[in-house]
file final_21.cif (mmCIF, C-alpha atoms)
data_model
loop_
_atom_site.group_PDB
_atom_site.id
_atom_site.type_symbol
_atom_site.label_atom_id
_atom_site.label_comp_id
_atom_site.auth_asym_id
_atom_site.auth_seq_id
_atom_site.Cartn_x
_atom_site.Cartn_y
_atom_site.Cartn_z
ATOM 1 C CA GLY G 22 14.222 7.164 6.553
ATOM 2 C CA LEU G 23 10.862 6.192 5.092
ATOM 3 C CA ALA G 24 8.977 9.269 6.304
ATOM 4 C CA LEU G 25 11.425 11.557 4.492
ATOM 5 C CA LYS G 26 11.057 9.494 1.309
ATOM 6 C CA TYR G 27 7.273 9.746 1.528
ATOM 7 C CA CYS G 28 7.557 13.528 1.860
ATOM 8 C CA GLN G 29 9.883 13.635 -1.151
ATOM 9 C CA GLY G 30 7.147 11.902 -3.110
ATOM 10 C CA GLY G 31 4.617 14.519 -2.068
ATOM 11 C CA ALA G 32 2.877 12.993 0.956
ATOM 12 C CA SER G 33 0.894 15.641 2.831
ATOM 13 C CA ALA G 34 0.799 13.677 6.099
ATOM 14 C CA ILE G 35 2.713 10.870 7.787
ATOM 15 C CA SER G 36 0.898 8.393 10.010
ATOM 16 C CA VAL G 37 3.015 6.911 12.824
ATOM 17 C CA LEU G 38 1.849 3.829 14.724
ATOM 18 C CA THR G 39 2.369 4.288 18.455
ATOM 19 C CA ASP G 40 0.485 1.214 19.693
ATOM 20 C CA THR G 41 3.152 -0.968 21.306
ATOM 21 C CA LYS G 42 1.201 -4.165 22.047
ATOM 22 C CA GLY G 43 -0.506 -4.702 18.710
ATOM 23 C CA PHE G 44 1.844 -3.056 16.239
ATOM 24 C CA GLY G 45 5.208 -2.575 17.947
ATOM 25 C CA GLY G 46 5.109 1.201 17.585
ATOM 26 C CA SER G 47 5.971 3.775 20.240
ATOM 27 C CA LEU G 48 5.787 7.427 21.173
ATOM 28 C CA GLU G 49 9.548 7.486 20.611
ATOM 29 C CA ASP G 50 8.920 6.565 16.951
ATOM 30 C CA LEU G 51 6.500 9.485 16.755
ATOM 31 C CA LYS G 52 9.070 11.869 18.263
ATOM 32 C CA GLN G 53 11.733 10.746 15.797
ATOM 33 C CA VAL G 54 9.473 11.242 12.772
ATOM 34 C CA ALA G 55 8.193 14.609 14.021
ATOM 35 C CA ASN G 56 11.759 15.810 14.650
ATOM 36 C CA ALA G 57 12.985 14.578 11.264
ATOM 37 C CA LEU G 58 10.181 16.375 9.418
ATOM 38 C CA SER G 59 10.042 19.585 11.469
ATOM 39 C CA THR G 60 12.837 21.375 9.624
ATOM 40 C CA LYS G 61 12.759 19.873 6.138
ATOM 41 C CA TYR G 62 8.988 19.358 5.747
ATOM 42 C CA PRO G 63 7.278 21.599 8.347
ATOM 43 C CA LYS G 64 3.944 21.646 6.468
ATOM 44 C CA VAL G 65 3.565 17.854 6.496
ATOM 45 C CA SER G 66 1.169 16.687 9.209
ATOM 46 C CA VAL G 67 2.376 14.019 11.628
ATOM 47 C CA LEU G 68 -0.497 11.824 12.827
ATOM 48 C CA ARG G 69 -0.457 9.626 15.920
ATOM 49 C CA LYS G 70 -2.093 6.329 14.937
ATOM 50 C CA ASP G 71 -3.171 4.447 18.035
ATOM 51 C CA PHE G 72 -6.206 3.256 19.949
ATOM 52 C CA ILE G 73 -6.838 6.617 21.595
ATOM 53 C CA ILE G 74 -9.462 6.420 24.322
ATOM 54 C CA HIS G 75 -8.366 9.093 26.799
ATOM 55 C CA ARG G 76 -7.557 12.784 26.612
ATOM 56 C CA LEU G 77 -4.127 12.175 28.169
ATOM 57 C CA GLN G 78 -3.184 10.333 24.977
ATOM 58 C CA LEU G 79 -3.946 13.540 23.077
ATOM 59 C CA ALA G 80 -1.545 15.483 25.304
ATOM 60 C CA GLU G 81 1.085 12.763 24.787
ATOM 61 C CA ALA G 82 0.666 13.188 21.031
ATOM 62 C CA VAL G 83 1.296 16.937 21.269
ATOM 63 C CA LEU G 84 4.349 16.437 23.495
ATOM 64 C CA ALA G 85 5.742 13.884 21.026
ATOM 65 C CA GLY G 86 5.432 16.391 18.180
ATOM 66 C CA ALA G 87 2.246 15.203 16.460
ATOM 67 C CA ASN G 88 -0.173 17.747 15.046
ATOM 68 C CA ALA G 89 -2.901 15.195 14.269
ATOM 69 C CA VAL G 90 -4.415 12.077 15.838
ATOM 70 C CA LEU G 91 -6.542 9.148 14.744
ATOM 71 C CA LEU G 92 -9.824 8.626 16.586
ATOM 72 C CA ILE G 93 -11.537 5.320 15.780
ATOM 73 C CA ALA G 94 -15.297 5.825 16.056
ATOM 74 C CA ASN G 95 -16.170 2.316 17.214
ATOM 75 C CA VAL G 96 -13.363 2.362 19.805
ATOM 76 C CA VAL G 97 -14.213 5.713 21.422
ATOM 77 C CA GLY G 98 -17.981 5.485 20.930
ATOM 78 C CA TYR G 99 -19.924 8.314 22.532
ATOM 79 C CA GLU G 100 -16.702 9.882 23.854
ATOM 80 C CA LEU G 101 -15.948 10.945 20.275
ATOM 81 C CA LYS G 102 -17.403 14.455 20.553
ATOM 82 C CA SER G 103 -15.503 15.268 23.758
ATOM 83 C CA LEU G 104 -12.238 13.880 22.340
ATOM 84 C CA LEU G 105 -12.723 15.919 19.156
ATOM 85 C CA LEU G 106 -13.201 19.078 21.228
ATOM 86 C CA GLU G 107 -10.234 18.288 23.482
ATOM 87 C CA ALA G 108 -8.004 17.601 20.470
ATOM 88 C CA LYS G 109 -9.047 20.891 18.887
ATOM 89 C CA SER G 110 -8.277 22.767 22.109
ATOM 90 C CA LEU G 111 -4.765 21.263 22.015
ATOM 91 C CA GLY G 112 -4.277 22.348 18.401
ATOM 92 C CA LEU G 113 -4.556 18.824 17.005
ATOM 93 C CA GLU G 114 -6.256 17.908 13.749
ATOM 94 C CA THR G 115 -8.364 14.745 13.990
ATOM 95 C CA LEU G 116 -8.941 11.927 11.539
ATOM 96 C CA THR G 117 -12.063 10.052 12.643
ATOM 97 C CA GLU G 118 -12.023 6.511 11.302
ATOM 98 C CA VAL G 119 -15.250 4.696 10.432
ATOM 99 C CA HIS G 120 -15.904 1.147 9.248
ATOM 100 C CA ASP G 121 -19.667 1.013 8.733
ATOM 101 C CA MET G 122 -22.888 3.020 8.718
ATOM 102 C CA ALA G 123 -23.193 3.131 12.531
ATOM 103 C CA ASP G 124 -19.643 4.527 12.836
ATOM 104 C CA LEU G 125 -20.333 7.108 10.134
ATOM 105 C CA GLU G 126 -23.521 8.262 11.865
ATOM 106 C CA LEU G 127 -21.569 8.645 15.116
ATOM 107 C CA ALA G 128 -18.827 10.662 13.370
ATOM 108 C CA LEU G 129 -21.316 12.933 11.609
ATOM 109 C CA LYS G 130 -23.303 13.509 14.809
ATOM 110 C CA ALA G 131 -20.049 14.429 16.606
ATOM 111 C CA GLU G 132 -19.262 16.865 13.759
ATOM 112 C CA ALA G 133 -15.931 15.253 12.895
ATOM 113 C CA PRO G 134 -14.158 17.590 10.437
ATOM 114 C CA ILE G 135 -12.176 14.796 8.754
ATOM 115 C CA ILE G 136 -13.642 11.315 8.268
ATOM 116 C CA GLY G 137 -11.697 8.321 7.029
ATOM 117 C CA ILE G 138 -13.458 5.252 5.698
ATOM 118 C CA ASN G 139 -11.336 2.216 6.526
ATOM 119 C CA HIS G 140 -11.716 -0.571 3.976
ATOM 120 C CA ARG G 141 -10.198 -3.147 6.328
ATOM 121 C CA ASN G 142 -12.688 -5.171 8.342
ATOM 122 C CA LEU G 143 -11.119 -5.152 11.808
ATOM 123 C CA SER G 144 -12.739 -8.495 12.686
ATOM 124 C CA THR G 145 -11.541 -10.460 9.648
ATOM 125 C CA PHE G 146 -8.771 -8.089 8.425
ATOM 126 C CA GLU G 147 -10.168 -8.535 4.909
ATOM 127 C CA ILE G 148 -10.192 -5.563 2.547
ATOM 128 C CA GLY G 149 -13.390 -4.448 0.820
ATOM 129 C CA LEU G 150 -13.257 -1.256 -1.238
ATOM 130 C CA ASP G 151 -16.995 -1.545 -1.984
ATOM 131 C CA ILE G 152 -17.881 -0.037 1.412
ATOM 132 C CA SER G 153 -16.857 3.291 -0.136
ATOM 133 C CA ASP G 154 -19.620 3.022 -2.729
ATOM 134 C CA THR G 155 -22.127 3.071 0.131
ATOM 135 C CA LEU G 156 -20.532 5.372 2.700
ATOM 136 C CA ARG G 157 -18.622 7.998 0.687
ATOM 137 C CA PRO G 158 -21.753 9.660 -0.789
ATOM 138 C CA LEU G 159 -23.072 10.196 2.761
ATOM 139 C CA ILE G 160 -20.145 12.406 3.824
ATOM 140 C CA PRO G 161 -21.072 16.076 3.290
ATOM 141 C CA SER G 162 -18.843 18.229 1.090
ATOM 142 C CA HIS G 163 -17.691 20.418 4.014
ATOM 143 C CA VAL G 164 -16.140 17.335 5.674
ATOM 144 C CA ILE G 165 -12.759 16.139 4.395
ATOM 145 C CA ALA G 166 -13.105 12.514 3.240
ATOM 146 C CA VAL G 167 -10.145 10.125 3.438
ATOM 147 C CA ALA G 168 -9.981 6.611 1.968
ATOM 148 C CA GLU G 169 -8.026 4.231 4.209
ATOM 149 C CA SER G 170 -6.546 0.751 3.674
ATOM 150 C CA GLY G 171 -6.588 -1.423 0.591
ATOM 151 C CA ILE G 172 -5.225 1.219 -1.762
ATOM 152 C CA HIS G 173 -2.353 -0.746 -3.261
ATOM 153 C CA ASN G 174 -1.940 0.697 -6.740
ATOM 154 C CA THR G 175 -2.811 3.538 -9.088
ATOM 155 C CA VAL G 176 -6.068 1.829 -10.133
ATOM 156 C CA SER G 177 -7.455 1.748 -6.583
ATOM 157 C CA ALA G 178 -6.137 5.289 -5.949
ATOM 158 C CA LYS G 179 -7.963 6.540 -9.061
ATOM 159 C CA ARG G 180 -11.145 4.738 -7.991
ATOM 160 C CA MET G 181 -11.029 6.591 -4.663
ATOM 161 C CA ARG G 182 -10.437 9.935 -6.411
ATOM 162 C CA ASP G 183 -13.376 9.203 -8.733
ATOM 163 C CA LEU G 184 -15.579 8.543 -5.680
ATOM 164 C CA GLY G 185 -14.750 12.046 -4.477
ATOM 165 C CA TYR G 186 -12.215 11.430 -1.744
ATOM 166 C CA ASP G 187 -10.071 14.400 -0.748
ATOM 167 C CA ALA G 188 -7.153 12.190 0.337
ATOM 168 C CA ILE G 189 -6.026 8.590 0.607
ATOM 169 C CA LEU G 190 -4.104 6.922 3.405
ATOM 170 C CA VAL G 191 -1.637 4.396 2.012
ATOM 171 C CA GLY G 192 0.469 2.204 4.274
ATOM 172 C CA GLU G 193 1.314 -1.335 3.282
ATOM 173 C CA ALA G 194 1.767 -0.590 -0.421
ATOM 174 C CA LEU G 195 4.366 2.081 0.352
ATOM 175 C CA VAL G 196 6.265 -0.037 2.864
ATOM 176 C CA ARG G 197 6.464 -2.903 0.353
ATOM 177 C CA SER G 198 7.305 -0.687 -2.632
ATOM 178 C CA ASP G 199 10.797 -0.680 -4.130
ATOM 179 C CA ASP G 200 10.245 2.985 -5.041
ATOM 180 C CA PRO G 201 7.799 4.643 -2.607
ATOM 181 C CA ILE G 202 8.567 8.115 -3.980
ATOM 182 C CA LYS G 203 7.451 7.082 -7.466
ATOM 183 C CA LEU G 204 4.398 5.231 -6.129
ATOM 184 C CA ILE G 205 3.190 8.336 -4.257
ATOM 185 C CA GLU G 206 3.698 10.469 -7.359
ATOM 186 C CA LEU G 207 1.747 7.972 -9.496
ATOM 187 C CA MET G 208 -1.084 7.628 -6.973
ATOM 188 C CA GLN G 209 -1.564 11.380 -6.917
ATOM 189 C CA GLY G 210 -2.488 11.156 -10.579
#

call {"tool": "encode", "arguments": {"input": "final_21.cif", "output": "structure tokens"}}
result
Amino acid sequence: GLALKYCQGGASAISVLTDTKGFGGSLEDLKQVANALSTKYPKVSVLRKDFIIHRLQLAEAVLAGANAVLLIANVVGYELKSLLLEAKSLGLETLTEVHDMADLELALKAEAPIIGINHRNLSTFEIGLDISDTLRPLIPSHVIAVAESGIHNTVSAKRMRDLGYDAILVGEALVRSDDPIKLIELMQG
């Protein structure tokens, strides 16, 4: 349903929550999305979004049809480098999520190829786009930079483009939108 609509709008990746306890997602959800997209939109990445802390979760992602995973820097800590290498060996792309300077330093030291700056404070769940003003300039040009959370409209999408982001991850705004296809098209500028 929604994943196909997002692809119609031009989404280049679909993020699927698989955390059952916190978000009610599942690996079955991931399988369904991956299967639905495999024939009609084979170039669209399918990302497993979860609290990945062990390499077995990477293998699960592959078996469920994902070709990308989220690694949260402050959750995996110093295991980040080994998880990045393991993911690469399994053919998975990785989106390394950071929330502050310490996370970003960890991601850069681990040579994460794709870094996402999450604007949501995971302690308070408040959104603050200003963190991008500080952190985005510190991501080297050879690293793909992704803006995550708090991008609700074309104004915030444009702000992220102007800051030099290569991509934006939009969730809540699309789920709540009456016309997600149009919203994706508008956000792409």

call {"tool": "resolve_selection", "arguments": {"input": "final_21.cif", "expression": "the PyMOL selection byres ((chain G and resi 39) around 6)", "output": "VMD selection string"}}
result
chain G and resid 38 40 46 to 48 71

call {"tool": "residues_near_point", "arguments": {"input": "final_21.cif", "point": "(6.2, 11.7, -6.4)", "cutoff": "9 Å", "atoms": "all atoms listed in the file", "output": "PDB file with C-alpha atoms, in the coordinates of the input"}}
result
ATOM      1  CA  TYR G  27       7.273   9.746   1.528  1.00  0.00           C
ATOM      2  CA  CYS G  28       7.557  13.528   1.860  1.00  0.00           C
ATOM      3  CA  GLN G  29       9.883  13.635  -1.151  1.00  0.00           C
ATOM      4  CA  GLY G  30       7.147  11.902  -3.110  1.00  0.00           C
ATOM      5  CA  GLY G  31       4.617  14.519  -2.068  1.00  0.00           C
ATOM      6  CA  ALA G  32       2.877  12.993   0.956  1.00  0.00           C
ATOM      7  CA  PRO G 201       7.799   4.643  -2.607  1.00  0.00           C
ATOM      8  CA  ILE G 202       8.567   8.115  -3.980  1.00  0.00           C
ATOM      9  CA  LYS G 203       7.451   7.082  -7.466  1.00  0.00           C
ATOM     10  CA  LEU G 204       4.398   5.231  -6.129  1.00  0.00           C
ATOM     11  CA  ILE G 205       3.190   8.336  -4.257  1.00  0.00           C
ATOM     12  CA  GLU G 206       3.698  10.469  -7.359  1.00  0.00           C
ATOM     13  CA  LEU G 207       1.747   7.972  -9.496  1.00  0.00           C
ATOM     14  CA  MET G 208      -1.084   7.628  -6.973  1.00  0.00           C
ATOM     15  CA  GLN G 209      -1.564  11.380  -6.917  1.00  0.00           C
TER      16      GLN G 209
END

call {"tool": "resolve_selection", "arguments": {"input": "final_21.cif", "expression": "the PyMOL selection byres ((chain G and resi 194) around 12)", "output": "PyMOL selection string"}}
result
chain G and resi 27+169-175+177-178+190-193+195-205+208

call {"tool": "residues_around", "arguments": {"input": "final_21.cif", "residues": "G:Gln78", "least_positions_apart": "5", "cutoff": "12 Å", "atoms": "only C-alpha atoms", "output": "list of chain:residue names"}}
result
G:Thr39, G:Asp40, G:Leu48, G:Arg69, G:Lys70, G:Asp71, G:Phe72, G:Ile73, G:Val83, G:Leu84, G:Ala85, G:Ala87, G:Ala89, G:Val90, G:Leu91, G:Leu92, G:Leu104, G:Glu107, G:Ala108, G:Leu111, G:Leu113

call {"tool": "atom_distance", "arguments": {"input": "final_21.cif", "atom1": "atom CA of G:Leu79", "atom2": "atom CA of G:Thr115"}}
result
10.2 Å

call {"tool": "atom_distance", "arguments": {"input": "final_21.cif", "atom1": "atom CA of G:Gly45", "atom2": "atom CA of G:Gly137"}}
result
22.9 Å

call {"tool": "closest_residue", "arguments": {"input": "final_21.cif", "among": "G:Glu114, G:Pro63, G:Asn56, G:Ile138", "to": "G:Ile93", "atoms": "only C-alpha atoms"}}
result
G:Ile138

call {"tool": "closest_residue", "arguments": {"input": "final_21.cif", "among": "G:Asn139, G:Asn88, G:Ser33, G:Ser103", "to": "G:Val167", "atoms": "only C-alpha atoms"}}
result
G:Asn139

call {"tool": "closest_residue", "arguments": {"input": "final_21.cif", "among": "G:Leu77, G:Val119, G:Ile136, G:Ile189", "to": "G:Ser162", "atoms": "only C-alpha atoms"}}
result
G:Ile136

call {"tool": "atom_distance", "arguments": {"input": "final_21.cif", "atom1": "atom CA of G:Pro134", "atom2": "atom CA of G:Val164"}}
result
5.2 Å

call {"tool": "closest_residue", "arguments": {"input": "final_21.cif", "among": "G:Glu100, G:His140, G:Leu23, G:Gly210", "to": "G:Val176", "atoms": "all atoms listed in the file"}}
result
G:Gly210
